[in-house]
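Visitor: Before I ask anything, here is the structure I am working with.
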Amino acid sequence: MSATQSETLPIPVSSPLTNAQKAALINLVRRAAKAEIMPRFRNLASAQVTTKSGAEDLVTEADHAAEAMLSRGLQQMFPHALIVGEEAASADPSLRGKLVEADLAFILDPVDGTWNFVNGLAMFGVIVSVTRFGKPVYGLLYDPVMDDFIAAEEDGPAEMTRATGRARPVSTSQGGEVDALSGYMHYYLMDRAAQAQLAPLLPEFGRTGSLRCSCHEYRMLAQGQADFLLSSTLNPWDHAAGVLIVQRAGGVVRMLDGRDYNAGIDTGYLLAAPDESSWQKLHAVLNPRLDPAAEPPKAGKGD
């Protein structure tokens with residue numbers, strides 16, 4: 001981290017994990033997936049699935065059991081760290097507010113893409129991020145089906161590691177003009193007013209969609225297989241790891257209003273792009289629609 005970046009935090013920041021600790025963390029994630037997640041994949045009874053905020057916001061025994069195993073293991077390895085799991089934060093929302101004050105926190109999404117998991121689609125993952133005062137400093141996007149992961153820390157490259165242990169760096173796409181960019185837009189998670197503003201813009205992009213799994217959306221971005229992501233649902237367990245990984249793969253990720261991402265931010269729009277030029281082009285299209293203070297957009301393609 002540069003001196004300028006360090007000066008924005010309460011204390012100097014150094015890499016929070018040794019190589020041995022990173023290896024232990026990855027081993028813990030793999031064991032949790034093998035013990036608690038994969039045995040339940042395509043093997044869930046109806047009683048093992050419940051809802052939270054709505055009919056499509058699902059939680060399963062796999063979510064609870066994997067989060068419990070991960071939390072126990074991390075607390076043993078890092079006794080003084082704050083552990084914030086998605087399900088724990090659902091039960092105690094005050095946990096999320098503690099992230100910006102914690103000098104070392106682990107944020108867990110034990111089964112990201114639960115809807116896919118419940119419906120037998122092999123597109124789900126485990127997300128682990130490490131933050132210091134809300135700033136991501138390590139991220140892990142793990143695929144239990146393929147037993148591979150993409151990881152990065154704040155001062156190193158983003159790397160894909162296969163089940164065999166072979167690692168290679170990944171990089172974002174070359175970007176381009178907006179009408180050639182394909183990406184993910186969490187359109188149906190936005191409020192109706194934002195949907196109405198965005199709907200006329202959809203023809204502006206090469207293609208938009210959603211995988212219903214942040215883990216795999218960020219993996220696709222980091223590998224250059226998708227170009228952008230726009231989200232207003234800023235759960236830190238969905239984004240903190242992916243933001244860092246895409247940045248270390250060469251991408252640009254920040255809030256639509258220009259702020260750097262922090263796990264403590266809970267309102268606004270997060271925009272990820274493969275490079276600065278593409279980010280600015282996407283911003284020019286999106287911001288006039290989504291920023292109430294912006295000038296009304298001029299009529300044009302998609303209006």
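Each chain in the structure tokens gets a letter, A, B and so on, in the order shown; residues start at 1 in every chain, and ligands are counted from 1 in the order they appear.
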Could you list, as a PyMOL selection string, every residue within 12 Å of Ala241 of chain A, counting only C-alpha atoms and ignoring same-chain residues fewer than 6 positions away?
Guide: chain A and resi 106-109+126-131+134-142+149-154+158+214-219+222+235+247-248+253+261-263
Visitor: Counting only C-alpha atoms, what is within 9 Å of Glu101 of chain A, bar same-chain residues fewer than 4 positions away, as a list in words?
Guide: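 Near neighbours after the sequence-gap exclusion: Gly97, Arg132, Phe133 and Gly134 of chain A.
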Visitor: Which residue gives the smallest distance to Met190 of chain A among A:Asp147, A:Pro157, A:Tyr269, A:Val118, with only C-alpha atoms counted?
Guide: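 That would be A:Tyr269, the residue with the smallest distance to Met190 of chain A.
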Visitor: If you run DSSP over the backbone, which residues in segment 2-229 of chain A end up strand (DSSP E or B)? Put them as a ChimeraX atom specification.
Guide: /A:49-51,58-60,82-85,105-112,125-132,135-143,148-153,159-161,167-169,182-185,207-209,228-229
Visitor: Determine, counting only C-alpha atoms, which protein, DNA and RNA residues have an atom within 12 Å of an atom of Gln48 of chain A; residues of the same chain fewer than 6 positions away are not included. Present the result as a count of residues only.
Guide: 12
Visitor: Nearest residue to Ala102 of chain A out of A:Leu82, A:Gly251, A:Asn27, A:Leu270, using only C-alpha atoms?
Guide: A:Leu82
Visitor: Between A:Asp291, A:Asp275, A:Glu56, A:Asp266, which one has atoms that come closest to Arg96 of chain A, using only C-alpha atoms?
Guide: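 Among the listed residues, the smallest separation from Arg96 of chain A belongs to A:Asp266.
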Visitor: DSSP on the backbone, then: every residue of segment 120-261 of chain A marked alpha helix (DSSP H), written as a PyMOL selection string.
Guide: chain A and resi 192-198+214-222+236-248
Visitor: Would you mind listing what lies within 10 Å of Leu198 of chain A as a ChimeraX atom specification, with only C-alpha atoms counted and same-chain residues fewer than 3 positions away left out?
Guide: /A:185,187,190,192-195,201-202,285-286,289-290,302
Visitor: Keeping all heavy atoms, export the residues of the selection given above as a compact mmCIF listing (two decimals), in the first residue's frame.
Guide:
# COMPACT_ATOMS: atom_id res chain seq x y z
N MET A 185 -25.59 -6.49 -13.95
CA MET A 185 -26.32 -5.38 -13.37
C MET A 185 -27.37 -5.97 -12.45
O MET A 185 -28.24 -6.73 -12.90
CB MET A 185 -26.97 -4.54 -14.48
CG MET A 185 -27.57 -3.25 -14.00
SD MET A 185 -28.24 -2.27 -15.39
CE MET A 185 -26.74 -1.81 -16.27
N TYR A 187 -30.12 -5.48 -11.42
CA TYR A 187 -31.30 -4.67 -11.74
C TYR A 187 -32.49 -5.00 -10.85
O TYR A 187 -33.14 -4.12 -10.29
CB TYR A 187 -31.64 -4.89 -13.22
CG TYR A 187 -32.84 -4.14 -13.73
CD1 TYR A 187 -32.74 -2.81 -14.11
CD2 TYR A 187 -34.09 -4.77 -13.86
CE1 TYR A 187 -33.84 -2.12 -14.60
CE2 TYR A 187 -35.18 -4.09 -14.34
CZ TYR A 187 -35.05 -2.77 -14.71
OH TYR A 187 -36.14 -2.08 -15.18
N MET A 190 -32.63 -3.69 -7.25
CA MET A 190 -32.74 -2.25 -7.05
C MET A 190 -34.19 -1.86 -6.81
O MET A 190 -35.11 -2.62 -7.12
CB MET A 190 -32.20 -1.51 -8.28
CG MET A 190 -30.72 -1.76 -8.53
SD MET A 190 -30.14 -0.93 -10.04
CE MET A 190 -28.47 -1.57 -10.13
N ARG A 192 -37.71 0.26 -7.33
CA ARG A 192 -38.46 0.45 -8.58
C ARG A 192 -38.07 1.75 -9.29
O ARG A 192 -38.06 1.82 -10.52
CB ARG A 192 -39.97 0.44 -8.29
CG ARG A 192 -40.49 -0.94 -7.91
CD ARG A 192 -40.28 -1.94 -9.04
NE ARG A 192 -40.76 -3.26 -8.71
CZ ARG A 192 -41.98 -3.71 -8.98
NH1 ARG A 192 -42.86 -2.92 -9.54
NH2 ARG A 192 -42.31 -4.95 -8.66
N ALA A 193 -37.75 2.79 -8.51
CA ALA A 193 -37.37 4.06 -9.14
C ALA A 193 -36.09 3.90 -9.94
O ALA A 193 -35.97 4.40 -11.07
CB ALA A 193 -37.22 5.14 -8.07
N ALA A 194 -35.11 3.21 -9.37
CA ALA A 194 -33.85 2.98 -10.08
C ALA A 194 -34.08 2.09 -11.29
O ALA A 194 -33.48 2.32 -12.36
CB ALA A 194 -32.83 2.35 -9.14
N GLN A 195 -34.94 1.08 -11.17
CA GLN A 195 -35.23 0.22 -12.31
C GLN A 195 -35.81 1.04 -13.46
O GLN A 195 -35.45 0.84 -14.63
CB GLN A 195 -36.20 -0.88 -11.90
CG GLN A 195 -35.59 -1.94 -10.99
CD GLN A 195 -36.60 -2.99 -10.59
OE1 GLN A 195 -37.70 -3.07 -11.14
NE2 GLN A 195 -36.24 -3.82 -9.63
N LEU A 201 -31.78 2.35 -20.57
CA LEU A 201 -30.36 2.27 -20.89
C LEU A 201 -29.91 0.88 -21.33
O LEU A 201 -28.81 0.74 -21.86
CB LEU A 201 -29.51 2.69 -19.68
CG LEU A 201 -29.59 4.14 -19.23
CD1 LEU A 201 -28.69 4.36 -18.02
CD2 LEU A 201 -29.21 5.09 -20.35
N LEU A 202 -30.71 -0.13 -21.09
CA LEU A 202 -30.25 -1.50 -21.34
C LEU A 202 -29.75 -1.71 -22.77
O LEU A 202 -28.76 -2.42 -22.98
CB LEU A 202 -31.36 -2.50 -20.98
CG LEU A 202 -31.72 -2.55 -19.49
CD1 LEU A 202 -32.81 -3.59 -19.25
CD2 LEU A 202 -30.51 -2.84 -18.62
N VAL A 285 -22.64 7.23 -18.77
CA VAL A 285 -23.96 6.73 -19.15
C VAL A 285 -24.87 6.56 -17.93
O VAL A 285 -26.05 6.93 -17.95
CB VAL A 285 -23.82 5.39 -19.91
CG1 VAL A 285 -25.19 4.75 -20.13
CG2 VAL A 285 -23.12 5.60 -21.24
N LEU A 286 -24.31 6.00 -16.85
CA LEU A 286 -25.11 5.61 -15.69
C LEU A 286 -25.39 6.76 -14.72
O LEU A 286 -26.50 6.87 -14.19
CB LEU A 286 -24.41 4.48 -14.94
CG LEU A 286 -24.30 3.15 -15.68
CD1 LEU A 286 -23.29 2.25 -14.99
CD2 LEU A 286 -25.65 2.48 -15.78
N ARG A 289 -28.52 9.05 -14.80
CA ARG A 289 -29.78 8.36 -14.48
C ARG A 289 -29.92 8.09 -12.99
O ARG A 289 -31.03 8.12 -12.44
CB ARG A 289 -29.84 7.03 -15.22
CG ARG A 289 -29.98 7.15 -16.73
CD ARG A 289 -31.41 7.51 -17.11
NE ARG A 289 -31.59 7.54 -18.55
CZ ARG A 289 -32.75 7.74 -19.14
NH1 ARG A 289 -33.84 7.91 -18.42
NH2 ARG A 289 -32.83 7.75 -20.46
N LEU A 290 -28.79 7.81 -12.32
CA LEU A 290 -28.86 7.31 -10.95
C LEU A 290 -28.51 8.34 -9.89
O LEU A 290 -28.77 8.13 -8.72
CB LEU A 290 -27.92 6.11 -10.80
CG LEU A 290 -28.30 4.90 -11.66
CD1 LEU A 290 -27.24 3.82 -11.56
CD2 LEU A 290 -29.65 4.35 -11.24
N GLY A 302 -31.70 4.58 -26.65
CA GLY A 302 -32.26 3.89 -25.49
C GLY A 302 -33.33 4.70 -24.80
O GLY A 302 -34.01 4.19 -23.93
Visitor: Closest to Ser210 of chain A among A:Pro169, A:Gly224, A:Gly268, A:Gly113, using only C-alpha atoms?
Guide: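 Of A:Pro169, A:Gly224, A:Gly268, A:Gly113, the one nearest Ser210 of chain A, counting only C-alpha atoms, is A:Gly113.
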Visitor: Using only C-alpha atoms, which residues sit within 7 Å of segment 69-80 of chain A once same-chain residues fewer than 6 positions away are excluded, as a ChimeraX atom specification?
Guide: /A:28-29,32
Visitor: Please, what distance in Å, to one decimal, runs between atom CA of Leu189 of chain A and atom CA of Ile265 of chain A?
Guide: 17.0 Å
Visitor: What does the structure give for the distance between atom CA of Ser173 of chain A and atom CA of Leu221 of chain A, in Å to one decimal?
Guide: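 These atoms are spaced 7.6 Å apart.
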Visitor: In terms of the shortest atom-to-atom distance over only C-alpha atoms, which of A:Val145, A:Ala199, A:Pro274, A:Asp155 is closest to Leu121 of chain A?
Guide: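 For Leu121 of chain A, the nearest of the candidates is A:Val145.
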Visitor: Considering only C-alpha atoms, can you say which of A:Asp179, A:Ser277, A:His283, A:Gln223 comes closest to Arg207 of chain A?
Guide: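 Looking only at the distances to Arg207 of chain A, the closest residue turns out to be A:Asp179.
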